[in-house]
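Asker: Below is input_30.cif; it holds mmCIF, C-alpha atoms.
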```cif
data_my_file
#
loop_
_atom_site.label_atom_id
_atom_site.label_comp_id
_atom_site.auth_asym_id
_atom_site.auth_seq_id
_atom_site.Cartn_x
_atom_site.Cartn_y
_atom_site.Cartn_z
CA MET A 30 23.31 -7.06 1.96
CA ASN A 31 25.43 -3.98 1.50
CA PRO A 32 24.24 -1.12 3.77
CA MET A 33 25.44 1.31 1.09
CA ASP A 34 22.64 0.04 -1.18
CA LEU A 35 19.94 0.99 1.34
CA PRO A 36 18.21 4.35 1.96
CA LEU A 37 19.95 6.60 4.50
CA ASN A 38 17.49 6.05 7.34
CA TRP A 39 17.52 2.24 7.03
CA ARG A 40 19.92 0.03 8.94
CA ILE A 41 21.07 -3.59 8.99
CA VAL A 42 20.09 -5.53 12.13
CA ARG A 43 20.51 -9.05 13.38
CA PHE A 44 17.25 -10.99 13.31
CA GLY A 45 17.73 -11.68 17.02
CA GLU A 46 17.59 -7.92 17.73
CA VAL A 47 14.05 -7.55 16.41
CA ALA A 48 12.59 -10.98 17.17
CA THR A 49 12.43 -13.45 20.01
CA PHE A 50 11.81 -17.18 19.97
CA THR A 51 8.82 -18.23 22.06
CA LYS A 52 9.53 -20.69 24.85
CA LYS A 53 7.27 -22.60 27.19
CA PRO A 54 6.83 -20.61 30.44
CA LYS A 55 8.28 -22.20 33.52
CA GLY A 56 5.68 -23.91 35.65
CA LEU A 57 3.13 -24.35 32.84
CA ARG A 58 1.54 -27.77 32.96
CA TYR A 59 -0.24 -29.09 29.89
CA SER A 60 -2.23 -31.38 32.18
CA GLU A 61 -4.22 -28.33 33.32
CA TYR A 62 -6.05 -28.60 29.97
CA ASP A 63 -8.05 -31.57 28.67
CA GLU A 64 -6.84 -30.92 25.13
CA VAL A 65 -4.78 -28.32 23.30
CA PRO A 66 -4.43 -27.22 19.66
CA PHE A 67 -1.72 -29.23 17.89
CA VAL A 68 -0.14 -28.21 14.57
CA PRO A 69 1.73 -30.99 12.71
CA MET A 70 3.95 -30.14 9.75
CA ASN A 71 1.31 -31.19 7.20
CA LEU A 72 -1.01 -28.43 8.48
CA ILE A 73 1.58 -25.67 8.07
CA PRO A 74 0.89 -24.04 4.68
CA ILE A 75 3.46 -22.63 2.28
CA ALA A 76 4.06 -18.91 2.81
CA LYS A 77 0.56 -18.23 4.11
CA LEU A 78 0.15 -15.19 6.30
CA TYR A 79 -2.70 -16.63 8.34
CA SER A 80 -3.77 -20.20 8.95
CA LYS A 81 -6.51 -21.60 11.18
CA ALA A 82 -5.52 -25.23 10.72
CA PHE A 83 -4.85 -27.31 13.81
CA ASN A 84 -5.98 -30.49 15.52
CA LEU A 85 -7.26 -30.73 19.07
CA LYS A 86 -5.12 -33.26 20.87
CA SER A 87 -5.51 -34.75 24.33
CA THR A 88 -2.75 -33.63 26.67
CA ASP A 89 -2.29 -37.30 27.59
CA GLU A 90 -1.07 -37.87 24.01
CA LEU A 91 1.51 -35.07 24.05
CA SER A 92 4.93 -36.56 24.57
CA SER A 93 6.79 -33.73 22.81
CA GLY A 94 6.16 -30.59 20.82
CA THR A 95 7.00 -26.92 20.41
CA TYR A 96 5.11 -24.41 22.54
CA PHE A 97 3.74 -21.35 20.75
CA GLU A 98 1.25 -18.57 21.36
CA PRO A 99 -1.40 -17.00 19.11
CA GLY A 100 0.19 -14.58 16.65
CA ASP A 101 3.58 -16.30 16.57
CA ILE A 102 5.20 -17.02 13.21
CA LEU A 103 5.68 -20.78 12.84
CA LEU A 104 8.74 -21.33 10.63
CA ALA A 105 9.59 -24.87 9.46
CA LYS A 106 13.24 -25.49 10.35
CA ILE A 107 13.87 -28.83 8.63
CA THR A 108 14.41 -29.72 4.98
CA PRO A 109 12.53 -30.08 2.69
CA SER A 110 9.74 -28.20 4.54
CA PHE A 111 11.98 -25.15 5.02
CA GLU A 112 13.01 -25.18 1.36
CA ASN A 113 9.36 -25.36 0.34
CA GLY A 114 8.63 -22.18 2.30
CA LYS A 115 6.37 -23.62 5.01
CA GLN A 116 5.55 -20.83 7.45
CA CYS A 117 2.40 -19.18 8.76
CA ILE A 118 0.84 -17.23 11.60
CA ILE A 119 -1.94 -18.88 13.62
CA ARG A 120 -3.73 -15.93 15.15
CA GLU A 121 -6.65 -17.49 17.00
CA LEU A 122 -6.64 -20.49 19.32
CA PRO A 123 -9.23 -21.80 21.80
CA THR A 124 -6.49 -21.87 24.48
CA PRO A 125 -3.77 -19.37 25.46
CA PHE A 126 -1.18 -21.48 23.65
CA GLY A 127 -0.73 -24.29 21.15
CA ILE A 128 1.70 -27.13 20.51
CA ALA A 129 3.37 -27.56 17.10
CA THR A 130 5.68 -30.13 15.63
CA THR A 131 9.19 -30.03 17.09
CA GLU A 132 10.44 -29.12 13.59
CA VAL A 133 9.32 -25.47 13.75
CA ILE A 134 10.67 -22.29 15.31
CA PRO A 135 8.00 -20.01 16.86
CA ILE A 136 8.92 -16.36 16.30
CA ARG A 137 7.54 -13.20 17.87
CA GLU A 138 8.42 -9.58 17.14
CA VAL A 139 10.04 -7.35 19.75
CA LYS A 140 7.40 -4.69 20.39
CA GLY A 141 8.27 -1.20 19.28
CA VAL A 142 11.19 -2.33 17.14
CA SER A 143 9.71 -4.39 14.35
CA ASP A 144 6.43 -5.84 13.17
CA LYS A 145 5.71 -9.56 12.90
CA PHE A 146 4.35 -9.09 9.40
CA PHE A 147 7.57 -7.40 8.37
CA LEU A 148 9.52 -10.33 9.85
CA PHE A 149 7.20 -12.78 8.10
CA TYR A 150 7.86 -11.30 4.67
CA SER A 151 11.59 -10.91 5.30
CA LEU A 152 11.81 -14.70 5.80
CA LEU A 153 10.33 -15.26 2.33
CA LEU A 154 13.14 -13.46 0.50
CA ALA A 155 15.04 -15.86 -1.76
CA ASP A 156 18.39 -14.43 -0.65
CA VAL A 157 17.44 -14.92 3.00
CA ARG A 158 16.37 -18.51 2.37
CA THR A 159 19.62 -19.23 0.57
CA SER A 160 21.65 -17.70 3.39
CA LEU A 161 19.81 -19.70 6.05
CA THR A 162 20.05 -22.93 4.05
CA GLY A 163 23.82 -22.52 4.06
CA LYS A 164 23.77 -22.42 7.88
CA MET A 165 21.69 -25.57 8.35
CA LYS A 166 23.28 -28.65 9.87
CA GLY A 167 22.51 -32.35 9.89
CA THR A 168 22.43 -35.24 7.46
CA THR A 169 21.49 -34.99 3.79
CA GLY A 170 17.74 -34.60 3.45
CA ARG A 171 17.34 -33.84 7.18
CA LEU A 172 19.14 -30.53 7.59
CA ARG A 173 17.89 -28.29 10.39
CA LEU A 174 18.08 -24.56 11.11
CA SER A 175 19.07 -23.58 14.65
CA THR A 176 17.65 -20.58 16.50
CA GLU A 177 21.25 -19.35 16.89
CA ALA A 178 21.77 -19.31 13.12
CA LEU A 179 18.43 -17.55 12.61
CA ALA A 180 19.26 -14.98 15.30
CA ASP A 181 22.52 -14.15 13.48
CA LEU A 182 20.73 -13.51 10.17
CA GLU A 183 21.13 -9.92 9.00
CA ILE A 184 18.06 -8.16 7.59
CA PRO A 185 17.41 -4.58 6.46
CA LEU A 186 15.21 -2.55 8.80
CA PRO A 187 13.42 0.63 7.63
CA PRO A 188 11.77 3.19 9.93
CA LEU A 189 8.55 2.05 11.58
CA ALA A 190 6.51 4.48 9.50
CA GLU A 191 7.98 3.07 6.30
CA GLN A 192 7.44 -0.48 7.55
CA ARG A 193 3.73 0.32 7.77
CA ARG A 194 3.72 1.79 4.25
CA ILE A 195 5.56 -1.28 2.89
CA LEU A 196 3.18 -3.69 4.61
CA ALA A 197 0.13 -1.84 3.31
CA LYS A 198 1.52 -2.01 -0.24
CA LEU A 199 2.45 -5.68 0.10
CA GLU A 200 -1.04 -6.42 1.38
CA VAL A 201 -2.62 -4.96 -1.76
CA LEU A 202 -0.18 -6.52 -4.22
CA PHE A 203 -0.11 -9.98 -2.65
CA THR A 204 -3.89 -10.10 -2.28
CA GLN A 205 -4.16 -9.58 -6.03
CA LEU A 206 -1.29 -11.92 -6.85
CA ASP A 207 -2.65 -14.65 -4.57
CA ALA A 208 -6.03 -14.38 -6.27
CA ALA A 209 -4.36 -14.79 -9.66
CA VAL A 210 -2.41 -17.85 -8.47
CA ASP A 211 -5.56 -19.33 -6.93
CA SER A 212 -7.34 -19.06 -10.27
CA LEU A 213 -4.41 -20.80 -11.98
CA LYS A 214 -4.43 -23.60 -9.42
CA LYS A 215 -8.17 -24.04 -9.83
CA ALA A 216 -7.59 -24.39 -13.56
CA GLN A 217 -4.95 -27.04 -12.81
CA ALA A 218 -7.44 -28.94 -10.66
CA GLN A 219 -10.03 -28.77 -13.44
CA LEU A 220 -7.41 -30.07 -15.86
CA GLN A 221 -6.74 -33.06 -13.60
CA ARG A 222 -10.46 -33.84 -13.54
CA TYR A 223 -10.49 -33.59 -17.33
CA ARG A 224 -7.60 -36.08 -17.56
CA GLN A 225 -9.44 -38.54 -15.36
CA SER A 226 -12.67 -38.12 -17.34
CA ILE A 227 -10.78 -38.93 -20.55
CA LEU A 228 -9.18 -42.00 -18.97
CA LYS A 229 -12.56 -43.09 -17.63
CA ALA A 230 -14.13 -42.76 -21.07
CA ALA A 231 -11.25 -44.69 -22.63
CA PHE A 232 -11.44 -47.69 -20.29
CA GLU A 233 -15.22 -47.79 -20.41
CA GLY A 234 -15.04 -48.01 -24.20
CA GLU A 235 -16.56 -44.61 -24.91
CA LEU A 236 -13.68 -43.40 -27.09
CA THR A 237 -13.96 -46.41 -29.39
CA LYS A 238 -17.64 -47.28 -29.10
CA GLU A 239 -18.30 -46.62 -32.80
CA TRP A 240 -16.34 -49.68 -33.90
CA ARG A 241 -15.07 -51.59 -30.86
CA GLU A 242 -15.40 -55.33 -30.79
CA ALA A 243 -18.16 -56.78 -28.65
CA ASP A 244 -16.07 -59.61 -27.23
CA ARG A 245 -13.67 -58.58 -24.51
CA ASP A 246 -11.82 -60.70 -21.99
CA VAL A 247 -12.14 -60.09 -18.26
CA VAL A 248 -8.64 -60.61 -16.86
CA GLN A 249 -6.50 -59.96 -13.83
CA LEU A 250 -3.38 -57.84 -14.16
CA ARG A 251 -1.13 -60.84 -13.43
CA ASP A 252 -2.61 -62.58 -16.50
CA ILE A 253 -1.11 -60.12 -18.95
CA VAL A 254 1.70 -58.38 -17.00
CA ASN A 255 4.90 -59.80 -15.56
CA LEU A 256 7.05 -58.39 -12.78
CA ARG A 257 10.71 -58.04 -13.72
CA ARG A 258 12.70 -59.30 -10.72
CA GLU A 259 16.24 -58.57 -11.89
CA THR A 260 18.25 -56.65 -9.28
CA VAL A 261 21.75 -55.16 -9.07
CA GLN A 262 24.05 -54.35 -6.15
CA PRO A 263 26.07 -51.12 -5.69
CA ASP A 264 29.32 -52.96 -6.37
CA ASP A 265 28.14 -54.72 -9.55
CA GLY A 266 29.98 -52.27 -11.81
CA ASN A 267 26.84 -50.45 -13.03
CA LYS A 268 28.02 -46.89 -12.40
CA GLU A 269 27.39 -45.90 -16.03
CA LEU A 270 23.70 -46.81 -15.90
CA ASN A 271 20.87 -44.31 -15.54
CA PHE A 272 19.14 -44.23 -12.15
CA VAL A 273 15.44 -43.52 -11.54
CA GLY A 274 14.04 -42.77 -8.09
CA LEU A 275 10.47 -41.71 -7.28
CA LYS A 276 11.56 -38.06 -7.32
CA TYR A 277 12.32 -38.37 -11.04
CA ILE A 278 8.78 -39.48 -11.93
CA ASP A 279 6.04 -36.84 -12.10
CA SER A 280 2.52 -37.81 -11.08
CA GLY A 281 0.08 -38.30 -13.93
CA VAL A 282 2.63 -38.37 -16.76
CA SER A 283 3.12 -41.43 -18.98
CA THR A 284 6.71 -41.07 -20.24
CA LEU A 285 9.92 -41.02 -18.23
CA LYS A 286 11.50 -37.59 -18.75
CA ARG A 287 14.12 -37.27 -16.00
CA TRP A 288 16.72 -39.49 -14.37
CA GLY A 289 20.00 -39.38 -12.49
CA ASP A 290 23.05 -41.62 -12.60
CA ALA A 291 24.11 -44.71 -10.69
CA SER A 292 26.58 -42.79 -8.54
CA GLU A 293 23.56 -42.19 -6.26
CA VAL A 294 23.15 -45.93 -5.69
CA LYS A 295 24.07 -47.22 -2.24
CA SER A 296 21.75 -50.23 -1.93
CA THR A 297 20.04 -52.96 -3.99
CA LYS A 298 18.18 -51.64 -7.02
CA ALA A 299 15.84 -53.06 -9.68
CA ARG A 300 16.89 -53.36 -13.33
CA PHE A 301 14.74 -52.08 -16.19
CA TYR A 302 14.95 -51.91 -20.01
CA PRO A 303 13.32 -49.92 -22.84
CA ASN A 304 9.52 -50.43 -23.04
CA ASP A 305 9.35 -51.59 -19.42
CA VAL A 306 6.76 -49.80 -17.32
CA LEU A 307 7.90 -48.29 -14.01
CA TYR A 308 5.26 -47.99 -11.27
CA GLY A 309 5.68 -46.30 -7.86
CA ARG A 310 4.21 -48.56 -5.19
CA LEU A 311 4.64 -46.14 -2.32
CA ASN A 312 1.74 -44.00 -1.11
CA PRO A 313 1.30 -41.04 -1.88
CA HIS A 314 3.04 -41.81 -5.20
CA LEU A 315 0.47 -44.28 -6.55
CA ASP A 316 -0.15 -42.16 -9.64
CA LYS A 317 3.45 -42.48 -10.81
CA ALA A 318 3.62 -44.78 -13.83
CA VAL A 319 5.80 -44.24 -16.89
CA ILE A 320 7.13 -46.15 -19.86
CA ALA A 321 10.92 -46.24 -20.05
CA GLU A 322 12.68 -45.44 -23.33
CA ILE A 323 16.09 -46.05 -21.78
CA GLU A 324 17.64 -48.82 -19.72
CA GLY A 325 18.87 -48.41 -16.18
CA ILE A 326 18.21 -49.17 -12.53
CA CYS A 327 15.54 -47.88 -10.20
CA SER A 328 14.51 -47.73 -6.58
CA THR A 329 12.97 -50.89 -5.13
CA ASP A 330 9.92 -48.76 -4.32
CA ILE A 331 9.35 -48.81 -8.09
CA LEU A 332 7.92 -52.00 -9.57
CA VAL A 333 9.13 -52.89 -13.07
CA PHE A 334 6.38 -54.33 -15.28
CA THR A 335 6.63 -56.00 -18.68
CA ALA A 336 3.53 -56.53 -20.78
CA ASN A 337 3.00 -59.86 -22.55
CA SER A 338 1.79 -60.32 -26.13
CA LYS A 339 -1.81 -59.45 -25.18
CA MET A 340 -1.09 -55.86 -24.15
CA ILE A 341 0.89 -52.96 -25.56
CA PRO A 342 3.06 -51.10 -23.00
CA ARG A 343 1.48 -47.66 -23.51
CA PHE A 344 -1.98 -49.10 -22.88
CA LEU A 345 -0.63 -50.54 -19.63
CA VAL A 346 0.71 -47.14 -18.54
CA TYR A 347 -2.67 -45.48 -19.03
CA LEU A 348 -4.40 -48.36 -17.25
CA LEU A 349 -2.16 -47.76 -14.22
CA HIS A 350 -3.21 -44.09 -14.20
CA SER A 351 -6.93 -44.90 -14.34
CA TYR A 352 -9.09 -44.23 -11.30
CA PRO A 353 -10.16 -47.88 -10.76
CA PHE A 354 -6.55 -49.06 -10.68
CA ARG A 355 -5.37 -46.23 -8.41
CA SER A 356 -8.28 -46.96 -6.04
CA HIS A 357 -7.27 -50.62 -5.97
CA ALA A 358 -3.63 -49.65 -5.26
CA MET A 359 -4.62 -47.35 -2.40
CA ALA A 360 -6.94 -49.94 -0.88
CA THR A 361 -4.19 -52.56 -0.89
CA ALA A 362 -1.39 -50.37 0.50
CA SER A 363 -0.31 -51.29 4.03
CA GLY A 364 2.05 -49.80 6.58
CA ILE A 365 1.89 -46.87 8.98
CA THR A 366 4.63 -44.37 8.12
CA LEU A 367 5.06 -45.15 4.40
CA PRO A 368 2.21 -47.38 3.16
CA ARG A 369 3.18 -49.60 0.21
CA THR A 370 1.25 -51.81 -2.11
CA SER A 371 2.67 -55.07 -3.50
CA TRP A 372 2.80 -57.00 -6.76
CA ASN A 373 0.69 -59.78 -5.22
CA ALA A 374 -2.05 -57.27 -4.38
CA LEU A 375 -1.83 -55.36 -7.67
CA GLY A 376 -1.87 -58.59 -9.66
CA GLU A 377 -5.44 -59.21 -8.46
CA PHE A 378 -6.76 -56.08 -10.16
CA THR A 379 -9.54 -57.20 -12.51
CA PHE A 380 -10.51 -55.35 -15.69
CA THR A 381 -11.86 -55.79 -19.20
CA LEU A 382 -9.10 -56.25 -21.79
CA PRO A 383 -9.79 -55.05 -25.36
CA SER A 384 -8.06 -56.46 -28.41
CA LEU A 385 -4.62 -55.22 -29.44
CA THR A 386 -6.20 -53.29 -32.32
CA GLU A 387 -8.57 -51.51 -29.96
CA GLN A 388 -5.78 -50.89 -27.46
CA GLU A 389 -3.83 -49.07 -30.17
CA GLN A 390 -6.87 -46.99 -31.05
CA ILE A 391 -7.53 -46.18 -27.37
CA VAL A 392 -3.91 -45.06 -26.93
CA PHE A 393 -4.19 -42.92 -30.08
CA GLU A 394 -7.39 -41.23 -28.82
CA LEU A 395 -5.99 -40.74 -25.31
CA GLU A 396 -2.81 -39.12 -26.55
CA ARG A 397 -4.75 -36.93 -28.94
CA HIS A 398 -6.89 -35.59 -26.11
CA LEU A 399 -4.19 -35.52 -23.44
CA SER A 400 -1.67 -33.69 -25.63
CA VAL A 401 -4.00 -30.68 -25.54
CA ALA A 402 -4.19 -30.98 -21.75
CA ASP A 403 -0.38 -31.17 -21.60
CA GLN A 404 -0.05 -27.91 -23.54
CA ILE A 405 -2.53 -26.16 -21.24
CA GLU A 406 -0.80 -27.54 -18.17
CA ALA A 407 2.58 -26.31 -19.40
CA THR A 408 1.10 -22.83 -19.81
CA LEU A 409 -0.42 -22.91 -16.32
CA ASP A 410 2.89 -24.09 -14.80
CA ALA A 411 4.75 -21.31 -16.58
CA GLU A 412 2.28 -18.69 -15.30
CA ILE A 413 2.56 -19.95 -11.70
CA LYS A 414 6.37 -19.82 -11.89
CA ARG A 415 6.06 -16.36 -13.41
CA ALA A 416 3.89 -15.30 -10.47
CA GLU A 417 6.49 -16.58 -7.99
CA ARG A 418 9.22 -14.61 -9.78
CA LEU A 419 7.04 -11.53 -9.53
CA ARG A 420 6.45 -12.20 -5.81
CA GLN A 421 10.21 -12.31 -5.27
CA SER A 422 10.68 -9.12 -7.30
CA ILE A 423 8.11 -7.35 -5.13
CA LEU A 424 9.80 -8.58 -1.94
CA LYS A 425 13.23 -7.57 -3.22
CA HIS A 426 11.98 -4.06 -3.98
CA ALA A 427 10.24 -3.88 -0.61
CA PHE A 428 13.39 -4.76 1.33
CA SER A 429 15.66 -2.46 -0.64
CA GLY A 430 13.58 0.69 -0.17
CA LYS A 431 12.20 0.79 -3.71
CA LEU A 432 8.57 -0.24 -3.24
CA VAL A 433 7.13 2.85 -1.52
CA PRO A 434 8.21 6.51 -1.38
CA GLN A 435 10.90 7.54 1.12
CA ASP A 436 10.22 10.17 3.79
CA PRO A 437 13.36 11.88 5.17
CA ASN A 438 11.38 12.82 8.28
CA ASP A 439 10.92 9.16 9.30
CA GLU A 440 12.77 8.14 12.43
CA PRO A 441 15.70 5.82 11.59
CA GLY A 442 14.97 2.10 11.42
CA GLY A 443 14.73 0.40 14.79
CA GLU A 444 14.16 3.60 16.79
CA LEU A 445 10.65 4.10 18.13
CA PRO A 446 9.28 7.67 18.19
CA GLU A 447 8.84 8.88 21.77
CA GLU A 448 5.08 9.33 21.44
CA MET A 449 4.73 5.65 20.45
CA GLN A 450 6.41 4.28 23.60
CA GLY A 451 4.31 1.61 25.26
CA LYS A 452 1.73 1.49 22.49
CA GLU A 453 1.10 -1.70 20.53
CA GLU A 454 1.17 -1.77 16.76
CA LYS A 455 -2.22 -2.02 15.14
CA GLN A 456 -2.98 -5.47 13.84
CA GLN A 457 -2.82 -5.92 10.08
CA PRO A 458 -6.33 -6.40 8.63
CA GLU A 459 -7.38 -9.69 7.05
CA ARG A 460 -6.77 -9.93 3.31
CA GLN A 461 -9.70 -9.08 1.12
CA ASN A 462 -10.99 -11.85 -1.09
CA LYS A 463 -10.55 -10.32 -4.52
CA THR A 464 -10.51 -12.16 -7.81
CA ILE A 465 -8.22 -11.50 -10.71
CA THR A 466 -7.28 -13.27 -13.91
CA LYS A 467 -3.83 -14.71 -14.63
CA SER A 468 -3.25 -12.07 -17.31
CA LYS A 469 -2.89 -9.51 -14.52
CA ILE A 470 0.41 -11.06 -13.43
CA THR A 471 2.25 -9.38 -16.28
CA SER A 472 0.44 -6.06 -15.79
CA PHE A 473 1.43 -6.00 -12.10
CA ALA A 474 5.07 -6.24 -13.09
CA GLU A 475 4.71 -3.56 -15.78
CA GLN A 476 2.90 -1.13 -13.43
CA LEU A 477 5.59 -1.54 -10.77
CA SER A 478 8.49 -1.69 -13.24
CA LEU A 479 9.53 -4.99 -11.65
CA PRO A 480 11.60 -7.63 -13.47
CA LEU A 481 10.22 -11.15 -13.55
CA ASN A 482 13.66 -12.79 -13.54
#
```
Could the structure of this file be written out as structure tokens, please?

Answerer:
Amino acid sequence: MNPMDLPLNWRIVRFGEVATFTKKPKGLRYSEYDEVPFVPMNLIPIAKLYSKAFNLKSTDELSSGTYFEPGDILLAKITPSFENGKQCIIRELPTPFGIATTEVIPIREVKGVSDKFFLFYSLLLADVRTSLTGKMKGTTGRLRLSTEALADLEIPLPPLAEQRRILAKLEVLFTQLDAAVDSLKKAQAQLQRYRQSILKAAFEGELTKEWREADRDVVQLRDIVNLRRETVQPDDGNKELNFVGLKYIDSGVSTLKRWGDASEVKSTKARFYPNDVLYGRLNPHLDKAVIAEIEGICSTDILVFTANSKMIPRFLVYLLHSYPFRSHAMATASGITLPRTSWNALGEFTFTLPSLTEQEQIVFELERHLSVADQIEATLDAEIKRAERLRQSILKHAFSGKLVPQDPNDEPGGELPEEMQGKEEKQQPERQNKTITKSKITSFAEQLSLPLN
């Protein structure tokens, strides 16, 4: 950031000047406690100011971990958790300290110089994240941020008085914005329940009950579906083929929309063709099932199904998304780190098979209902992305001196007024639980004259 773009009484500082990284005190023995709060990565939320989530873990079970104290910022230092914005402050603990995953950096403000909330928000800036990502080291997919790289990060620092004004403004704006996003996410959850209710009605015969045939066969999946077992090797000359990994398949959708190319392939892959159905057998991806309209190769964690003459492929896709099938898949998955289900287990799934004519009608009714849900979901996704752009616009204005009025009488950034020496900063109050509709997202931007791009 160019210092010339900042207000006169702001300055650029190294992150290490205004923050310290919490370390376990010498002589502390975990064994003095029966159990301590433990925070694994899955309990660290995305960009949440406060979190109360932790597990109580016996000290006998602690072989490793990162020491932290109440009020520290816990910043995920490994990809993809860092890229996803996982960071939070855990303010209250039943013990004087806690233990977190080794993949976090615990951060504390230097008293009298900066405020932990100001540090917290500075780490959410898109430009800051991009800068830190460029300093990460390690292997692809497992890059890590070092405390040295974080300490060298340059951030703008306003006067303490202005910091307090900025934080107060951010508190109001983000409380409202968070409420708007929460309402959008609740609508998304309701939409998912609607999708499942439509699928349930379809496979219980409710969508076609006016004319459906009384005679239906009770079958197992293996009776009407075959597993394609064709594989290819990296050196088989298939570099021109499309490649599909689990990351290219979105949960809950029925058609393959994204793929890469075979240059990514470094191990044995499965072959698929148009009208084959691709199903992710790895938990938590058991709701990933799509029909392919192209040919290519895919990860071996994707099973390739072909329907026989008794079933149309699109009916099969919707069957794989139904709650009974997903429950069967989850119940049959095995393994500790990455549970997988198998074709042998899935082949035992038993269901009632309608005629081909009724299958076509069921697919027609499903797609008629679900197309409306797709349109609503696209709108909700767009509004959530719009809210994130607004959040970044607010942060950018906050850290460039454009969010609150300037006061030329403020002491320069980083210098504590003499009368404040030795006094602790007042703790930021909890966010108020306000509600707001998604339409307010645009009005926030208009009121603040903030761009959404």

Asker: With distances taken over only C-alpha atoms, which residue among A:Lys52, A:Arg300, A:Arg171, A:His314 lies nearest A:Pro368?

Answerer: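 For A:Pro368, the nearest of the given residues is A:His314.
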
Asker: So, counting all atoms listed in the file, which residue among A:Glu121, A:Leu385, A:Pro187, A:Gly170 is closest to A:Val42?

Answerer: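 Of A:Glu121, A:Leu385, A:Pro187, A:Gly170, the one nearest A:Val42, counting all atoms listed in the file, is A:Pro187.
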
Asker: Atom CA of A:Arg245 to atom CA of A:Arg343: how many Å, to one decimal?

Answerer: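 So the two atoms, atom CA of A:Arg245 and atom CA of A:Arg343, lie 18.7 Å apart.
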
Asker: Running the PyMOL selection byres ((chain A and resi 403) around 12) on this model by hand, what would come out? Give it as a ChimeraX atom specification.

Answerer: /A:217,220-221,223-224,281-283,395-402,404-410

Asker: Take the residues from that selection and put them in a file with C-alpha atoms, as a CSV table (one decimal), keeping the file's coordinate frame.

Answerer:
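result_35.csv was written with the following content:
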```
chain,number,residue,atom,x,y,z
A,217,GLN,CA,-5.0,-27.0,-12.8
A,220,LEU,CA,-7.4,-30.1,-15.9
A,221,GLN,CA,-6.7,-33.1,-13.6
A,223,TYR,CA,-10.5,-33.6,-17.3
A,224,ARG,CA,-7.6,-36.1,-17.6
A,281,GLY,CA,0.1,-38.3,-13.9
A,282,VAL,CA,2.6,-38.4,-16.8
A,283,SER,CA,3.1,-41.4,-19.0
A,395,LEU,CA,-6.0,-40.7,-25.3
A,396,GLU,CA,-2.8,-39.1,-26.6
A,397,ARG,CA,-4.8,-36.9,-28.9
A,398,HIS,CA,-6.9,-35.6,-26.1
A,399,LEU,CA,-4.2,-35.5,-23.4
A,400,SER,CA,-1.7,-33.7,-25.6
A,401,VAL,CA,-4.0,-30.7,-25.5
A,402,ALA,CA,-4.2,-31.0,-21.8
A,404,GLN,CA,0.0,-27.9,-23.5
A,405,ILE,CA,-2.5,-26.2,-21.2
A,406,GLU,CA,-0.8,-27.5,-18.2
A,407,ALA,CA,2.6,-26.3,-19.4
A,408,THR,CA,1.1,-22.8,-19.8
A,409,LEU,CA,-0.4,-22.9,-16.3
A,410,ASP,CA,2.9,-24.1,-14.8
```

Asker: Can you list, as a PyMOL selection string, the residues that the PyMOL selection byres ((chain A and resi 114) around 12) selects here?

Answerer: chain A and resi 70+73-78+103-113+115-117+133+149-150+152-155+157-159+162+417

Asker: Could you check how far atom CA of A:Gly234 sits from atom CA of A:Thr379, in Å to one decimal?

Answerer: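 Between atom CA of A:Gly234 and atom CA of A:Thr379 the gap works out to 15.9 Å.
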
Asker: Can you list, as JSON, numbers by chain, the residues that the PyMOL selection byres ((chain A and resi 48) around 10) selects here?

Answerer: {"A": [43, 44, 45, 46, 47, 49, 50, 51, 136, 137, 138, 139, 140, 142, 143, 144, 145, 148, 179, 180]}

Asker: Determine, counting only C-alpha atoms, which protein, DNA and RNA residues have an atom within 7 Å of an atom of A:Gly325; residues of the same chain fewer than 4 positions away are not included. Present the result as a list of chain:residue names.

Answerer: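 What passes the distance filter is A:Leu270, A:Asn271, A:Phe272, A:Arg300, A:Phe301, A:Tyr302.
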
Asker: Report, in Å to a single decimal, how far apart atom CA of A:Leu348 and atom CA of A:Phe380 are.

Answerer: 9.4 Å

Asker: Could you tell me which of A:Leu311, A:Leu228, A:Leu424, A:Val392 comes closest to A:Leu367 if we count only C-alpha atoms?

Answerer: A:Leu311

Asker: List every protein, DNA or RNA residue that has an atom no more than 9 Å from (3.1, -6.6, 3.7) in the file's coordinate frame, counting only C-alpha atoms, and report them as an mmCIF file with C-alpha atoms, in the frame of the given file.

Answerer:
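Listing of part.cif after writing:
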```
data_model
loop_
_atom_site.group_PDB
_atom_site.id
_atom_site.type_symbol
_atom_site.label_atom_id
_atom_site.label_comp_id
_atom_site.auth_asym_id
_atom_site.auth_seq_id
_atom_site.Cartn_x
_atom_site.Cartn_y
_atom_site.Cartn_z
ATOM 1 C CA PHE A 146 4.350 -9.090 9.400
ATOM 2 C CA PHE A 147 7.570 -7.400 8.370
ATOM 3 C CA PHE A 149 7.200 -12.780 8.100
ATOM 4 C CA TYR A 150 7.860 -11.300 4.670
ATOM 5 C CA GLN A 192 7.440 -0.480 7.550
ATOM 6 C CA ARG A 193 3.730 0.320 7.770
ATOM 7 C CA ARG A 194 3.720 1.790 4.250
ATOM 8 C CA ILE A 195 5.560 -1.280 2.890
ATOM 9 C CA LEU A 196 3.180 -3.690 4.610
ATOM 10 C CA ALA A 197 0.130 -1.840 3.310
ATOM 11 C CA LYS A 198 1.520 -2.010 -0.240
ATOM 12 C CA LEU A 199 2.450 -5.680 0.100
ATOM 13 C CA GLU A 200 -1.040 -6.420 1.380
ATOM 14 C CA VAL A 201 -2.620 -4.960 -1.760
ATOM 15 C CA LEU A 202 -0.180 -6.520 -4.220
ATOM 16 C CA PHE A 203 -0.110 -9.980 -2.650
ATOM 17 C CA LEU A 424 9.800 -8.580 -1.940
ATOM 18 C CA ALA A 427 10.240 -3.880 -0.610
ATOM 19 C CA GLN A 457 -2.820 -5.920 10.080
#
```
